[in-house]
Amino acid sequence: MSVFKFTTLCVLSVVTYLSSQQLMAEEWFEFRGPTGQGHSTVKSLPIEWSPTEHVLWKSDIPGVGWSSPIVVDNKVYVTTAVPIDTEKLPAQSLRVVCLNLETGEVLWNKEVFQETKETVQRIHKKNSHASPTPISDGKVIYVHFGTFGTACLTLDGEELWKTDELKYEMQHGTGGSPIIVDDKLIIICDGKGKNFIAALNRNTGKIEWKVDRNVDSRKKFSFGTPLLITVNGKQQIVAPGTDVISGHSPEDGKEIWHLNYSGYSVIPRPIFSHGLIFVTTSYDRPSLLAIRPDGKGDVTDTHLAWSNKSQIPHTPSLLVVGDELYAVSDKGIAQCFDAKTGELIWKERVGGNYSASPLHADGKIYFQSEEGETTVIAAGKQYKEIGRNHLKAPTLASYAVAGDTLLIRTKTQLYRIGK
């Protein structure tokens, strides 16, 4: 073998090894990534793209779904809902689609549940019939379609179990994603008539525990995704909902603490930093709350560290980088606060409308609008815009990261963006 060929093979081997190591280094198994709070450890995500530039591939996704992608074992998984007929309120085929990460090829497309003509429900114009993001432990994937069912599949699409025991009357559809806690799958079910938090056995789908949330409100529905945190060495599940946010024991669901507020249709996932839970209360006028989660019982009057009501997001989740907390409102007002005190550091109009949650990587923050435009800024105490990139297609789903690339889902396609 010539020296040139030997050197070339060595370089290719090193590049392949480094690429695989980078993909293995960070697992994007759930909504908002490894911590569930919108952070990536990747140092070289792209900051420039367009519908034709820096697009490694784009693939058509059948139907409509605003769930975010997850990445497992060099494969990408999304859920979607495909209309079965052409009626005004058509039945829906609720499906999981698996794509090859390297090529974008659809490897399989499997129906898991159906909304029939008798059971199909009306949804909000900004929602879909497939909005909860799948979650994985690296060995299997779990998908949730609200009252229509929850299922566990192998990475190759084989059905291991499914259940429709979590029955409740949805309002405007569903949206909250499940989380994994030890051997349980935790799901918030805040519907039109009753609200509860449930734990399913990850191996069987059977209900392990179910805790009712007694909400005395005309509008009871919300779309919360829980967050697992550790406080004083003990785990607790933080569960946002209509008029209340609460901490629960993973073992039996027993409530540890709760804080009351006024708000319904709560969508943003909580985040945890500096010993504080940050959450927004959604409609009608959202408040941003910073809560100390180390209390017992009703902590409404004792554990609220600070709050703010000025142009707070209804839909996008929050983001903490260092000592700063970042938020973008549904109407495109970005703000930076001191996370510990709530002091406003800066406020800027970035433009557009927002549903997707922001992403942080390598000192950069990515805000993605519903119109398909991403504004990249530098994290810091001064507003500094780095770039703007437009896919010119509607998108409400949040980002996923795969190696040094971004996965962005639009209404009809999934893009992989790289350098």
# chains A, B, ... in the order shown; residues from 1 in each chain; ligands from 1
call {"tool": "residues_around", "arguments": {"residues": "region 329-338 of chain A", "least_positions_apart": "5", "cutoff": "8 Å", "atoms": "only C-alpha atoms", "output": "JSON, numbers by chain"}}
result
{"A": [311, 312, 313, 314, 315, 316, 323, 324, 343, 344, 345, 346, 347, 348, 349, 350, 351, 352, 353, 354, 355, 369, 381]}
call {"tool": "residues_around", "arguments": {"residues": "Val64 (chain A)", "least_positions_apart": "3", "cutoff": "8 Å", "atoms": "only C-alpha atoms", "output": "NGL selection string"}}
result
:A and (61 or 80-82 or 128-130 or 411-412)
call {"tool": "select_by_dssp", "arguments": {"residues": "region 31-221 of chain A", "states": "strand (DSSP E)", "output": "PyMOL selection string"}}
result
chain A and resi 39-40+55-60+70-72+75-83+92-100+106-115+135-136+140-144+150-154+159-163+179-181+184-190+195-201+207-213
call {"tool": "closest_atom_pairs", "arguments": {"of": "region 252-326 of chain A", "to": "region 239-246 of chain A", "cutoff": "10 Å", "atoms": "only C-alpha atoms", "output": "tab-separated table"}}
result
residue	atom	partner	partner_atom	distance
A:Glu255	CA	A:Ser246	CA	6.9
A:Ile256	CA	A:Ser246	CA	7.4
A:Trp257	CA	A:Ser246	CA	5.6
A:His258	CA	A:Ser246	CA	4.1
A:Leu259	CA	A:Ile245	CA	5.5
A:Asn260	CA	A:Val244	CA	4.5
A:Tyr261	CA	A:Asp243	CA	4.9
A:Ser262	CA	A:Asp243	CA	4.8
A:Gly263	CA	A:Asp243	CA	5.0
A:Tyr264	CA	A:Thr242	CA	4.4
A:Ser265	CA	A:Thr242	CA	6.6
A:Val266	CA	A:Gly241	CA	5.8
A:Ile267	CA	A:Gly241	CA	8.4
A:Pro268	CA	A:Pro240	CA	8.5
A:Arg269	CA	A:Pro240	CA	7.6
A:Pro270	CA	A:Pro240	CA	7.3
A:Ile277	CA	A:Ile245	CA	9.9
A:Val279	CA	A:Pro240	CA	7.7
A:Thr280	CA	A:Pro240	CA	8.9
A:Thr281	CA	A:Asp243	CA	7.8
A:Ser282	CA	A:Thr242	CA	8.9
A:Tyr283	CA	A:Thr242	CA	9.4
A:Ile291	CA	A:Ile245	CA	9.7
A:Pro293	CA	A:Ser246	CA	8.8
A:Gly297	CA	A:Ser246	CA	9.3
A:Asp298	CA	A:Ser246	CA	9.2
A:Val299	CA	A:Ser246	CA	9.6
A:Thr300	CA	A:Val244	CA	9.4
call {"tool": "write_last_selection", "arguments": {"atoms": "C-alpha atoms", "output": "compact mmCIF listing (two decimals), in the first residue's frame"}}
result
# COMPACT_ATOMS: atom_id res chain seq x y z
CA GLU A 255 -47.33 15.50 46.63
CA ILE A 256 -44.35 17.09 48.40
CA TRP A 257 -45.27 20.74 47.82
CA HIS A 258 -47.48 22.93 45.67
CA LEU A 259 -47.67 26.59 44.73
CA ASN A 260 -50.90 28.13 43.53
CA TYR A 261 -51.20 30.72 40.78
CA SER A 262 -53.75 31.85 38.22
CA GLY A 263 -53.21 30.31 34.78
CA TYR A 264 -54.50 27.65 32.39
CA SER A 265 -53.38 26.08 29.10
CA VAL A 266 -49.90 25.89 30.64
CA ILE A 267 -47.45 24.73 27.97
CA PRO A 268 -43.80 25.61 28.82
CA ARG A 269 -41.69 22.92 30.46
CA PRO A 270 -40.18 24.01 33.80
CA ILE A 277 -37.71 26.23 39.49
CA VAL A 279 -42.04 28.30 35.05
CA THR A 280 -44.59 30.48 33.27
CA THR A 281 -48.30 30.38 33.91
CA SER A 282 -49.66 30.81 30.35
CA TYR A 283 -53.20 32.20 29.86
CA ILE A 291 -39.80 29.03 43.02
CA PRO A 293 -38.63 23.68 45.58
CA GLY A 297 -47.24 21.43 51.59
CA ASP A 298 -48.67 24.74 50.38
CA VAL A 299 -45.69 27.03 49.67
CA THR A 300 -47.64 29.74 47.82
call {"tool": "closest_residue", "arguments": {"among": "A:Ile237, A:Leu318, A:Lys340, A:Gly205", "to": "Gly275 (chain A)", "atoms": "only C-alpha atoms"}}
result
A:Lys340
call {"tool": "residues_around", "arguments": {"residues": "Lys125 (chain A)", "least_positions_apart": "6", "cutoff": "12 Å", "atoms": "only C-alpha atoms", "output": "ChimeraX atom specification"}}
result
/A:64,66,172-173,396
call {"tool": "residues_around", "arguments": {"residues": "Ile47 (chain A)", "least_positions_apart": "5", "cutoff": "8 Å", "atoms": "only C-alpha atoms", "output": "ChimeraX atom specification"}}
result
/A:376,386-387,389
call {"tool": "closest_residue", "arguments": {"among": "A:Gly253, A:Ser398, A:Glu159, A:Thr204", "to": "Ile187 (chain A)", "atoms": "only C-alpha atoms"}}
result
A:Gly253
call {"tool": "closest_residue", "arguments": {"among": "A:Glu251, A:Asp164, A:Gly224, A:Glu118", "to": "Asp182 (chain A)", "atoms": "only C-alpha atoms"}}
result
A:Glu251
call {"tool": "closest_residue", "arguments": {"among": "A:Val72, A:Leu407, A:Ile141, A:Ala305", "to": "Glu26 (chain A)", "atoms": "only C-alpha atoms"}}
result
A:Val72
call {"tool": "residues_around", "arguments": {"residues": "Gln121 (chain A)", "least_positions_apart": "2", "cutoff": "10 Å", "atoms": "only C-alpha atoms", "output": "PDB file with all heavy atoms, in the first residue's frame"}}
result
ATOM      1  N   LEU A  89     -63.834  16.875   9.889  1.00  0.00           N
ATOM      2  CA  LEU A  89     -63.088  16.443  11.061  1.00  0.00           C
ATOM      3  C   LEU A  89     -62.693  14.980  10.842  1.00  0.00           C
ATOM      4  O   LEU A  89     -63.317  14.065  11.364  1.00  0.00           O
ATOM      5  CB  LEU A  89     -63.920  16.610  12.333  1.00  0.00           C
ATOM      6  CG  LEU A  89     -63.199  16.411  13.671  1.00  0.00           C
ATOM      7  CD1 LEU A  89     -62.084  17.436  13.841  1.00  0.00           C
ATOM      8  CD2 LEU A  89     -64.190  16.512  14.826  1.00  0.00           C
ATOM      9  N   PRO A  90     -61.648  14.738  10.036  1.00  0.00           N
ATOM     10  CA  PRO A  90     -61.347  13.371   9.618  1.00  0.00           C
ATOM     11  C   PRO A  90     -60.745  12.523  10.730  1.00  0.00           C
ATOM     12  O   PRO A  90     -60.112  13.037  11.659  1.00  0.00           O
ATOM     13  CB  PRO A  90     -60.316  13.576   8.500  1.00  0.00           C
ATOM     14  CG  PRO A  90     -59.657  14.877   8.838  1.00  0.00           C
ATOM     15  CD  PRO A  90     -60.729  15.719   9.454  1.00  0.00           C
ATOM     16  N   ALA A  91     -60.972  11.226  10.621  1.00  0.00           N
ATOM     17  CA  ALA A  91     -60.277  10.284  11.487  1.00  0.00           C
ATOM     18  C   ALA A  91     -58.776  10.396  11.234  1.00  0.00           C
ATOM     19  O   ALA A  91     -58.341  10.810  10.161  1.00  0.00           O
ATOM     20  CB  ALA A  91     -60.770   8.865  11.210  1.00  0.00           C
ATOM     21  N   GLN A  92     -57.981  10.006  12.241  1.00  0.00           N
ATOM     22  CA  GLN A  92     -56.534  10.183  12.151  1.00  0.00           C
ATOM     23  C   GLN A  92     -55.793   8.873  12.431  1.00  0.00           C
ATOM     24  O   GLN A  92     -56.126   8.151  13.376  1.00  0.00           O
ATOM     25  CB  GLN A  92     -56.063  11.224  13.175  1.00  0.00           C
ATOM     26  CG  GLN A  92     -56.700  12.599  13.029  1.00  0.00           C
ATOM     27  CD  GLN A  92     -56.123  13.391  11.886  1.00  0.00           C
ATOM     28  OE1 GLN A  92     -54.937  13.260  11.554  1.00  0.00           O
ATOM     29  NE2 GLN A  92     -56.936  14.247  11.282  1.00  0.00           N
ATOM     30  N   GLU A 115     -57.509   7.710  15.798  1.00  0.00           N
ATOM     31  CA  GLU A 115     -58.677   8.477  16.211  1.00  0.00           C
ATOM     32  C   GLU A 115     -59.741   8.175  15.168  1.00  0.00           C
ATOM     33  O   GLU A 115     -59.605   8.553  13.998  1.00  0.00           O
ATOM     34  CB  GLU A 115     -58.381   9.973  16.248  1.00  0.00           C
ATOM     35  CG  GLU A 115     -57.419  10.403  17.339  1.00  0.00           C
ATOM     36  CD  GLU A 115     -57.274  11.909  17.386  1.00  0.00           C
ATOM     37  OE1 GLU A 115     -58.308  12.597  17.519  1.00  0.00           O
ATOM     38  OE2 GLU A 115     -56.130  12.404  17.266  1.00  0.00           O
ATOM     39  N   THR A 116     -60.781   7.478  15.572  1.00  0.00           N
ATOM     40  CA  THR A 116     -61.826   7.094  14.635  1.00  0.00           C
ATOM     41  C   THR A 116     -62.812   8.245  14.437  1.00  0.00           C
ATOM     42  O   THR A 116     -62.748   9.271  15.109  1.00  0.00           O
ATOM     43  CB  THR A 116     -62.583   5.863  15.153  1.00  0.00           C
ATOM     44  OG1 THR A 116     -63.284   6.233  16.361  1.00  0.00           O
ATOM     45  CG2 THR A 116     -61.620   4.723  15.464  1.00  0.00           C
ATOM     46  N   LYS A 117     -63.749   8.054  13.515  1.00  0.00           N
ATOM     47  CA  LYS A 117     -64.774   9.082  13.283  1.00  0.00           C
ATOM     48  C   LYS A 117     -65.585   9.338  14.545  1.00  0.00           C
ATOM     49  O   LYS A 117     -66.084  10.444  14.764  1.00  0.00           O
ATOM     50  CB  LYS A 117     -65.703   8.644  12.141  1.00  0.00           C
ATOM     51  CG  LYS A 117     -65.027   8.623  10.780  1.00  0.00           C
ATOM     52  CD  LYS A 117     -65.999   8.195   9.698  1.00  0.00           C
ATOM     53  CE  LYS A 117     -65.328   8.168   8.341  1.00  0.00           C
ATOM     54  NZ  LYS A 117     -66.255   7.725   7.272  1.00  0.00           N
ATOM     55  N   GLU A 118     -65.707   8.300  15.380  1.00  0.00           N
ATOM     56  CA  GLU A 118     -66.488   8.436  16.609  1.00  0.00           C
ATOM     57  C   GLU A 118     -65.685   9.088  17.733  1.00  0.00           C
ATOM     58  O   GLU A 118     -66.262   9.714  18.627  1.00  0.00           O
ATOM     59  CB  GLU A 118     -66.979   7.053  17.076  1.00  0.00           C
ATOM     60  CG  GLU A 118     -67.990   6.380  16.167  1.00  0.00           C
ATOM     61  CD  GLU A 118     -67.382   5.863  14.870  1.00  0.00           C
ATOM     62  OE1 GLU A 118     -66.177   5.471  14.883  1.00  0.00           O
ATOM     63  OE2 GLU A 118     -68.096   5.860  13.837  1.00  0.00           O
ATOM     64  N   THR A 119     -64.364   8.961  17.709  1.00  0.00           N
ATOM     65  CA  THR A 119     -63.559   9.444  18.840  1.00  0.00           C
ATOM     66  C   THR A 119     -62.696  10.656  18.515  1.00  0.00           C
ATOM     67  O   THR A 119     -62.132  11.262  19.423  1.00  0.00           O
ATOM     68  CB  THR A 119     -62.628   8.327  19.353  1.00  0.00           C
ATOM     69  OG1 THR A 119     -61.706   7.952  18.300  1.00  0.00           O
ATOM     70  CG2 THR A 119     -63.423   7.114  19.796  1.00  0.00           C
ATOM     71  N   ILE A 123     -59.008  20.101  17.662  1.00  0.00           N
ATOM     72  CA  ILE A 123     -57.774  20.602  18.241  1.00  0.00           C
ATOM     73  C   ILE A 123     -57.647  22.090  17.958  1.00  0.00           C
ATOM     74  O   ILE A 123     -58.306  22.618  17.056  1.00  0.00           O
ATOM     75  CB  ILE A 123     -56.535  19.857  17.682  1.00  0.00           C
ATOM     76  CG1 ILE A 123     -56.459  20.003  16.156  1.00  0.00           C
ATOM     77  CG2 ILE A 123     -56.542  18.398  18.099  1.00  0.00           C
ATOM     78  CD1 ILE A 123     -55.192  19.453  15.552  1.00  0.00           C
ATOM     79  N   HIS A 129     -52.551  16.542  16.076  1.00  0.00           N
ATOM     80  CA  HIS A 129     -52.966  15.308  16.740  1.00  0.00           C
ATOM     81  C   HIS A 129     -51.756  14.487  17.192  1.00  0.00           C
ATOM     82  O   HIS A 129     -51.918  13.401  17.758  1.00  0.00           O
ATOM     83  CB  HIS A 129     -53.835  14.467  15.793  1.00  0.00           C
ATOM     84  CG  HIS A 129     -55.147  15.104  15.460  1.00  0.00           C
ATOM     85  ND1 HIS A 129     -56.282  14.942  16.224  1.00  0.00           N
ATOM     86  CD2 HIS A 129     -55.498  15.946  14.446  1.00  0.00           C
ATOM     87  CE1 HIS A 129     -57.290  15.628  15.693  1.00  0.00           C
ATOM     88  NE2 HIS A 129     -56.835  16.244  14.614  1.00  0.00           N
ATOM     89  N   GLU A 169     -60.944  13.630  28.992  1.00  0.00           N
ATOM     90  CA  GLU A 169     -61.486  14.417  27.886  1.00  0.00           C
ATOM     91  C   GLU A 169     -60.544  15.573  27.587  1.00  0.00           C
ATOM     92  O   GLU A 169     -60.398  16.497  28.385  1.00  0.00           O
ATOM     93  CB  GLU A 169     -62.881  14.948  28.220  1.00  0.00           C
ATOM     94  CG  GLU A 169     -63.582  15.591  27.037  1.00  0.00           C
ATOM     95  CD  GLU A 169     -64.980  16.064  27.370  1.00  0.00           C
ATOM     96  OE1 GLU A 169     -65.404  15.905  28.531  1.00  0.00           O
ATOM     97  OE2 GLU A 169     -65.648  16.593  26.460  1.00  0.00           O
ATOM     98  N   MET A 170     -59.887  15.532  26.434  1.00  0.00           N
ATOM     99  CA  MET A 170     -58.917  16.555  26.087  1.00  0.00           C
ATOM    100  C   MET A 170     -59.619  17.836  25.642  1.00  0.00           C
ATOM    101  O   MET A 170     -60.758  17.805  25.186  1.00  0.00           O
ATOM    102  CB  MET A 170     -57.987  16.048  24.977  1.00  0.00           C
ATOM    103  CG  MET A 170     -57.172  14.818  25.362  1.00  0.00           C
ATOM    104  SD  MET A 170     -55.900  14.353  24.140  1.00  0.00           S
ATOM    105  CE  MET A 170     -56.892  14.048  22.697  1.00  0.00           C
ATOM    106  N   GLN A 171     -58.914  18.939  25.788  1.00  0.00           N
ATOM    107  CA  GLN A 171     -59.392  20.236  25.298  1.00  0.00           C
ATOM    108  C   GLN A 171     -58.334  20.777  24.344  1.00  0.00           C
ATOM    109  O   GLN A 171     -57.183  20.953  24.720  1.00  0.00           O
ATOM    110  CB  GLN A 171     -59.581  21.210  26.462  1.00  0.00           C
ATOM    111  CG  GLN A 171     -59.991  22.607  26.060  1.00  0.00           C
ATOM    112  CD  GLN A 171     -61.501  22.768  25.900  1.00  0.00           C
ATOM    113  OE1 GLN A 171     -62.266  21.968  26.431  1.00  0.00           O
ATOM    114  NE2 GLN A 171     -61.929  23.770  25.178  1.00  0.00           N
ATOM    115  N   HIS A 172     -58.713  21.022  23.096  1.00  0.00           N
ATOM    116  CA  HIS A 172     -57.782  21.517  22.068  1.00  0.00           C
ATOM    117  C   HIS A 172     -56.692  20.492  21.720  1.00  0.00           C
ATOM    118  O   HIS A 172     -55.669  20.855  21.168  1.00  0.00           O
ATOM    119  CB  HIS A 172     -57.115  22.817  22.503  1.00  0.00           C
ATOM    120  CG  HIS A 172     -58.064  23.930  22.770  1.00  0.00           C
ATOM    121  ND1 HIS A 172     -59.138  24.212  21.954  1.00  0.00           N
ATOM    122  CD2 HIS A 172     -58.103  24.852  23.770  1.00  0.00           C
ATOM    123  CE1 HIS A 172     -59.795  25.256  22.432  1.00  0.00           C
ATOM    124  NE2 HIS A 172     -59.208  25.650  23.538  1.00  0.00           N
ATOM    125  N   GLY A 173     -56.892  19.216  22.049  1.00  0.00           N
ATOM    126  CA  GLY A 173     -55.874  18.207  21.771  1.00  0.00           C
ATOM    127  C   GLY A 173     -54.944  18.006  22.958  1.00  0.00           C
ATOM    128  O   GLY A 173     -55.250  18.390  24.084  1.00  0.00           O
TER     129      GLY A 173
END
call {"tool": "closest_residue", "arguments": {"among": "A:Thr103, A:Ser307, A:Asp216, A:Val181", "to": "Gly193 (chain A)", "atoms": "only C-alpha atoms"}}
result
A:Asp216
call {"tool": "closest_residue", "arguments": {"among": "A:Thr52, A:Ser93, A:Thr41, A:Ser273", "to": "Gly65 (chain A)", "atoms": "only C-alpha atoms"}}
result
A:Ser93
call {"tool": "residues_around", "arguments": {"residues": "Asn109 (chain A)", "least_positions_apart": "3", "cutoff": "7 Å", "atoms": "only C-alpha atoms", "output": "NGL selection string"}}
result
:A and (95-98)
call {"tool": "write_last_selection", "arguments": {"atoms": "N, CA, C and O atoms", "output": "mmCIF file, in the first residue's frame"}}
result
data_model
loop_
_atom_site.group_PDB
_atom_site.id
_atom_site.type_symbol
_atom_site.label_atom_id
_atom_site.label_comp_id
_atom_site.auth_asym_id
_atom_site.auth_seq_id
_atom_site.Cartn_x
_atom_site.Cartn_y
_atom_site.Cartn_z
ATOM 1 N N ARG A 95 -49.107 7.850 14.125
ATOM 2 C CA ARG A 95 -48.011 7.052 13.619
ATOM 3 C C ARG A 95 -46.654 7.476 14.191
ATOM 4 O O ARG A 95 -46.501 8.600 14.689
ATOM 5 N N VAL A 96 -45.698 6.560 14.072
ATOM 6 C CA VAL A 96 -44.292 6.841 14.372
ATOM 7 C C VAL A 96 -43.501 6.655 13.085
ATOM 8 O O VAL A 96 -43.686 5.661 12.372
ATOM 9 N N VAL A 97 -42.647 7.627 12.788
ATOM 10 C CA VAL A 97 -41.804 7.574 11.591
ATOM 11 C C VAL A 97 -40.346 7.533 12.035
ATOM 12 O O VAL A 97 -39.918 8.325 12.880
ATOM 13 N N CYS A 98 -39.592 6.605 11.450
ATOM 14 C CA CYS A 98 -38.168 6.448 11.745
ATOM 15 C C CYS A 98 -37.357 6.746 10.488
ATOM 16 O O CYS A 98 -37.643 6.207 9.413
#
call {"tool": "atom_distance", "arguments": {"atom1": "CA of Trp108 (chain A)", "atom2": "CA of Ile417 (chain A)"}}
result
22.0 Å
